[in-house]
Amino acid sequence: MKKTTMKDIATKANVSIATVSYVLNNVDNQTIPETTRSHILRLAEELHYIPNLTARSLVRKKTGLIGILINKSPNMPYWKRHNYSSFIGNLEQLLTSAGYHTLLFTLDAANPSLDIIVERKLEAVFLVDVRDDVFYSISSHFVEGIPLILMDSIIEDKLFKQIIFDYHTALQLASPHDPSQVCLIMENYNNASLVRYILEAVGLSEDAIYIINDISELEAISTNIRFTKAIVINEFIGNYLERLNIFSSITVICTCHCPEILTSANTRTITFKEDKSDTAFRVMEYLLQKVDYSTQNLNRHYIKVNSEN
């Protein structure tokens with residue numbers, strides 16, 4: 001099948017090729033009637049027009065490339081693999097629909113190599129669950145002014161936008177009046193500051209907190225636990241604990257946007273208003289409007305808990 005060109009769209013719309021180019025490349029210094037703009041965009045969709053990335057970058061002086069950097073550790077548990085896969089898939093779909101191109105990079109969480117990344121001219125970068133002690137070695141590879149958006153990470157620097165769940169509110173909702181028989185079971189994160197934030201928010205004693213790196217650790221604690229109730233962060237861990245049936249009740253804070261996998265009548269779920277990918281995309285779009293975000297006091301975006309929880 002012949003690839004649709006701007007000339008094809010211009011012929012169908014009865015406008016000049018230049019007008020089509022202005023619309024498809026979002027050139028904002030041209031006055032084009034909204035009806036004409038909408039007609040061109042509708043034809044581009046109907047004709048399955050695929051933009052030429054090189055040509056677009058010359059017109060816009062931008063590449064349209066968005067980087068997603070995932071920090072992976074050895075023997076990553078299945079719940080974290082699913083979390084990454086879901087986030088990447090949803091965000092990539094949003095980026096593609098908006099005309100961006102996605103580059104995915106997998107980094108060694110302990111010793112990230114960025115040689116291949118610095119050769120790419122990225123318009124924005126998402127950095128997922130980064131270790132505190134290697135963050136600045138990563139961020140120094142990117143040009144100032146390129147939005148670097150952190151997911152599941154807390155960094156004490158207002159220059160970088162950070163998107164995290166509102167664990168403080170979620171844990172307040174999850175905590176019972178009598179915490180003596182309650183433990184917290186949660187997945188581990190590369191970002192130690194995020195872990196500290198969660199532990200400070202839950203307010204339980206150290207012996208009532210279990211941070212799980214893999215399935216074997218989860219199995220080990222299940223055979224020697226003195227608590228009757230559990231607060232669980234991550235619904236895949238919650239699903240596994242449901243099947244073990246060792247707690248009289250479980251409250252699961254759902255961080256993978258999959259509460260439907262929890263089926264026990266003794267399980268309560270706490271969900272969030274937005275998927276992380278939706279929030280991430282909206283924050284990126286905001287930052288790409290040339291907002292001077294380095295002067296803003298608010299650098300953290302907390303994804304709010306659903307009001308019906």
# chains A, B, ... in the order shown; residues from 1 in each chain; ligands from 1
$ residues_around --residues "A:Phe160" --least-positions-apart "3" --cutoff "10 Å" --atoms "only C-alpha atoms" --output "PyMOL selection string"
chain A and resi 139+147-150+154-157+163+293-294+298-300
$ write_last_selection --atoms "all heavy atoms" --output "CSV table (one decimal), in the first residue's frame"
chain,number,residue,atom,x,y,z
A,139,SER,N,21.3,12.1,35.9
A,139,SER,CA,20.7,13.4,35.4
A,139,SER,C,21.7,14.3,34.8
A,139,SER,O,21.4,15.1,33.9
A,139,SER,CB,20.1,14.1,36.6
A,139,SER,OG,21.1,14.4,37.6
A,147,PRO,N,12.9,18.2,30.3
A,147,PRO,CA,12.2,17.7,31.5
A,147,PRO,C,12.7,16.3,31.9
A,147,PRO,O,12.6,15.4,31.0
A,147,PRO,CB,10.8,17.7,31.1
A,147,PRO,CG,10.7,18.8,30.0
A,147,PRO,CD,12.0,18.7,29.3
A,148,LEU,N,13.1,16.1,33.1
A,148,LEU,CA,13.4,14.8,33.6
A,148,LEU,C,12.4,14.5,34.7
A,148,LEU,O,12.4,15.1,35.8
A,148,LEU,CB,14.9,14.8,34.2
A,148,LEU,CG,15.4,13.5,34.7
A,148,LEU,CD1,15.3,12.4,33.7
A,148,LEU,CD2,16.9,13.6,35.1
A,149,ILE,N,11.5,13.5,34.5
A,149,ILE,CA,10.4,13.3,35.3
A,149,ILE,C,10.6,11.9,36.0
A,149,ILE,O,10.8,10.9,35.4
A,149,ILE,CB,9.1,13.2,34.5
A,149,ILE,CG1,8.9,14.6,33.8
A,149,ILE,CG2,7.9,12.9,35.4
A,149,ILE,CD1,7.8,14.5,32.7
A,150,LEU,N,10.6,11.9,37.4
A,150,LEU,CA,10.9,10.7,38.1
A,150,LEU,C,9.6,10.1,38.5
A,150,LEU,O,8.7,10.7,39.0
A,150,LEU,CB,11.7,11.1,39.4
A,150,LEU,CG,13.2,11.4,39.2
A,150,LEU,CD1,13.4,12.8,38.7
A,150,LEU,CD2,14.0,11.2,40.5
A,154,ILE,N,11.8,9.6,45.1
A,154,ILE,CA,11.8,10.9,45.8
A,154,ILE,C,13.3,11.4,45.8
A,154,ILE,O,14.2,10.7,46.2
A,154,ILE,CB,11.3,10.8,47.2
A,154,ILE,CG1,9.8,10.4,47.2
A,154,ILE,CG2,11.5,12.0,48.0
A,154,ILE,CD1,9.2,10.2,48.5
A,155,ILE,N,13.4,12.6,45.3
A,155,ILE,CA,14.7,13.3,45.3
A,155,ILE,C,14.6,14.7,45.9
A,155,ILE,O,13.6,15.4,45.6
A,155,ILE,CB,15.3,13.4,43.9
A,155,ILE,CG1,15.5,12.1,43.2
A,155,ILE,CG2,16.6,14.2,43.9
A,155,ILE,CD1,16.5,11.2,43.9
A,156,GLU,N,15.4,15.1,46.8
A,156,GLU,CA,15.3,16.4,47.5
A,156,GLU,C,15.9,17.5,46.6
A,156,GLU,O,16.9,18.1,46.8
A,156,GLU,CB,16.1,16.4,48.8
A,156,GLU,CG,15.5,15.4,49.8
A,156,GLU,CD,14.0,15.7,50.2
A,156,GLU,OE1,13.7,16.9,50.1
A,156,GLU,OE2,13.3,14.8,50.6
A,157,ASP,N,15.2,17.7,45.5
A,157,ASP,CA,15.7,18.7,44.5
A,157,ASP,C,14.5,19.2,43.7
A,157,ASP,O,13.9,18.4,43.0
A,157,ASP,CB,16.7,18.1,43.6
A,157,ASP,CG,17.5,19.2,42.8
A,157,ASP,OD1,16.8,20.2,42.4
A,157,ASP,OD2,18.7,19.0,42.5
A,163,ILE,N,6.7,12.0,40.5
A,163,ILE,CA,5.3,11.5,40.5
A,163,ILE,C,5.3,10.2,41.4
A,163,ILE,O,5.9,9.2,41.1
A,163,ILE,CB,4.8,11.2,39.1
A,163,ILE,CG1,4.8,12.4,38.3
A,163,ILE,CG2,3.4,10.6,39.2
A,163,ILE,CD1,4.5,12.2,36.8
A,293,TYR,N,9.9,25.4,35.3
A,293,TYR,CA,9.5,24.6,36.5
A,293,TYR,C,10.6,24.6,37.5
A,293,TYR,O,10.4,24.3,38.7
A,293,TYR,CB,9.2,23.2,36.1
A,293,TYR,CG,10.3,22.4,35.4
A,293,TYR,CD1,11.2,21.6,36.1
A,293,TYR,CD2,10.4,22.5,34.0
A,293,TYR,CE1,12.2,20.9,35.4
A,293,TYR,CE2,11.4,21.8,33.3
A,293,TYR,CZ,12.3,21.0,34.0
A,293,TYR,OH,13.3,20.4,33.4
A,294,SER,N,11.8,25.1,37.2
A,294,SER,CA,12.9,25.2,38.1
A,294,SER,C,12.7,26.2,39.2
A,294,SER,O,13.3,26.2,40.3
A,294,SER,CB,14.3,25.5,37.4
A,294,SER,OG,14.2,26.8,36.9
A,298,LEU,N,6.7,23.6,44.2
A,298,LEU,CA,6.1,22.3,44.2
A,298,LEU,C,6.8,21.4,43.1
A,298,LEU,O,6.7,21.6,41.9
A,298,LEU,CB,4.6,22.4,43.9
A,298,LEU,CG,3.8,21.0,43.8
A,298,LEU,CD1,3.8,20.4,45.2
A,298,LEU,CD2,2.4,21.3,43.4
A,299,ASN,N,7.5,20.4,43.6
A,299,ASN,CA,8.1,19.5,42.6
A,299,ASN,C,7.6,18.1,42.7
A,299,ASN,O,8.0,17.3,41.9
A,299,ASN,CB,9.7,19.5,42.9
A,299,ASN,CG,10.0,18.8,44.2
A,299,ASN,OD1,9.2,18.8,45.1
A,299,ASN,ND2,11.2,18.2,44.3
A,300,ARG,N,6.7,17.8,43.6
A,300,ARG,CA,6.1,16.4,43.7
A,300,ARG,C,4.7,16.4,43.4
A,300,ARG,O,3.9,17.3,43.9
A,300,ARG,CB,6.3,15.9,45.1
A,300,ARG,CG,7.8,15.5,45.4
A,300,ARG,CD,8.0,15.0,46.8
A,300,ARG,NE,9.4,15.0,47.1
A,300,ARG,CZ,9.9,15.0,48.3
A,300,ARG,NH1,9.1,15.1,49.3
A,300,ARG,NH2,11.2,15.1,48.5
$ residues_around --residues "A:Asn213" --least-positions-apart "2" --cutoff "10 Å" --atoms "only C-alpha atoms" --output "short mmCIF file (atom, residue, chain, number, x, y, z; two decimals) with C-alpha atoms, in the first residue's frame"
data_model
loop_
_atom_site.label_atom_id
_atom_site.label_comp_id
_atom_site.auth_asym_id
_atom_site.auth_seq_id
_atom_site.Cartn_x
_atom_site.Cartn_y
_atom_site.Cartn_z
CA ASN A 75 15.94 -11.52 39.83
CA MET A 76 13.17 -8.96 39.52
CA PRO A 77 9.91 -10.37 40.99
CA LYS A 80 7.54 -5.49 39.50
CA MET A 186 5.32 -4.21 50.78
CA GLU A 187 7.51 -4.55 47.73
CA ASN A 188 10.99 -3.08 47.83
CA TYR A 189 12.08 -0.10 45.71
CA TYR A 210 8.22 -6.74 55.92
CA ILE A 211 9.88 -5.42 52.76
CA ILE A 215 8.68 -14.59 46.15
CA SER A 216 10.94 -16.71 48.38
CA GLU A 217 10.98 -13.98 51.04
CA LEU A 218 7.21 -13.78 50.88
#
$ select_by_dssp --residues "stretch 73-277 of chain A" --states "alpha helix (DSSP H)" --output "ChimeraX atom specification"
/A:78-97,115-118,135-139,167-174,192-202,215-222,235-244,276-277
$ write_last_selection --atoms "C-alpha atoms" --output "tab-separated table (two decimals), in the first residue's frame"
chain	number	residue	atom	x	y	z
A	78	TYR	CA	6.90	-10.86	38.75
A	79	TRP	CA	4.88	-8.07	40.41
A	80	LYS	CA	7.54	-5.49	39.50
A	81	ARG	CA	7.84	-6.84	35.96
A	82	HIS	CA	4.09	-6.45	35.53
A	83	ASN	CA	4.18	-2.94	37.01
A	84	TYR	CA	6.87	-1.85	34.57
A	85	SER	CA	5.18	-3.50	31.61
A	86	SER	CA	1.83	-1.90	32.35
A	87	PHE	CA	3.31	1.56	32.88
A	88	ILE	CA	5.44	1.42	29.73
A	89	GLY	CA	2.61	0.09	27.57
A	90	ASN	CA	0.07	2.69	28.70
A	91	LEU	CA	2.52	5.60	28.50
A	92	GLU	CA	3.78	4.53	25.08
A	93	GLN	CA	0.21	4.46	23.78
A	94	LEU	CA	-0.42	8.00	25.06
A	95	LEU	CA	2.83	9.26	23.56
A	96	THR	CA	2.17	7.64	20.18
A	97	SER	CA	-1.34	9.08	20.02
A	115	ASP	CA	26.55	5.92	26.62
A	116	ILE	CA	23.82	5.09	24.11
A	117	ILE	CA	21.38	7.56	25.61
A	118	VAL	CA	23.56	10.67	25.35
A	135	PHE	CA	20.42	9.73	40.38
A	136	TYR	CA	22.73	12.68	39.82
A	137	SER	CA	25.16	10.65	37.73
A	138	ILE	CA	22.19	9.89	35.47
A	139	SER	CA	20.68	13.38	35.43
A	167	TYR	CA	0.83	6.75	50.31
A	168	HIS	CA	0.30	8.97	53.35
A	169	THR	CA	-3.46	9.23	52.77
A	170	ALA	CA	-3.71	5.62	51.59
A	171	LEU	CA	-2.01	4.30	54.73
A	172	GLN	CA	-4.17	6.47	56.96
A	173	LEU	CA	-7.22	4.84	55.39
A	174	ALA	CA	-5.69	1.37	55.70
A	192	ALA	CA	15.41	4.35	49.42
A	193	SER	CA	13.80	7.77	50.02
A	194	LEU	CA	10.47	6.44	48.75
A	195	VAL	CA	10.72	3.48	51.14
A	196	ARG	CA	11.43	5.86	54.04
A	197	TYR	CA	8.44	8.01	53.11
A	198	ILE	CA	6.16	4.95	53.19
A	199	LEU	CA	7.52	3.65	56.50
A	200	GLU	CA	7.19	7.05	58.16
A	201	ALA	CA	3.61	7.29	56.90
A	202	VAL	CA	2.52	3.87	58.22
A	215	ILE	CA	8.68	-14.59	46.15
A	216	SER	CA	10.94	-16.71	48.38
A	217	GLU	CA	10.98	-13.98	51.04
A	218	LEU	CA	7.21	-13.78	50.88
A	219	GLU	CA	6.94	-17.52	51.40
A	220	ALA	CA	9.40	-17.39	54.31
A	221	ILE	CA	7.50	-14.80	56.33
A	222	SER	CA	4.19	-16.57	55.78
A	235	GLU	CA	-2.09	-6.12	44.63
A	236	PHE	CA	0.01	-8.97	43.21
A	237	ILE	CA	1.53	-9.50	46.64
A	238	GLY	CA	-1.98	-9.19	48.05
A	239	ASN	CA	-3.26	-11.83	45.63
A	240	TYR	CA	-0.52	-14.24	46.72
A	241	LEU	CA	-1.33	-13.66	50.39
A	242	GLU	CA	-5.03	-14.25	49.71
A	243	ARG	CA	-4.19	-17.71	48.44
A	244	LEU	CA	-2.02	-18.45	51.48
A	276	LYS	CA	0.61	6.51	36.72
A	277	SER	CA	0.98	6.72	32.96
$ residues_around --residues "A:Val15" --least-positions-apart "5" --cutoff "10 Å" --atoms "only C-alpha atoms" --output "list in words"
Lys7, Ile9, Ala10, Val20, Thr36 and Ile40 of chain A
$ atom_distance --atom1 "atom CA of A:Leu41" --atom2 "atom CA of A:Gly64"
18.0 Å
$ select_by_dssp --residues "stretch 219-250 of chain A" --states "strand (DSSP E or B)" --output "list of chain:residue names"
A:Lys229, A:Ala230, A:Ile231, A:Val232, A:Ile233, A:Ser249, A:Ile250
$ residues_around --residues "A:Asn111" --least-positions-apart "3" --cutoff "10 Å" --atoms "only C-alpha atoms" --output "list in words"
Asn71, Leu107, Asp108, Leu114, Arg131, Val134 and Ser137 of chain A
$ atom_distance --atom1 "atom CA of A:Lys121" --atom2 "atom CA of A:Ser140"
14.4 Å
$ atom_distance --atom1 "atom CA of A:Ala208" --atom2 "atom CA of A:Ser248"
16.1 Å
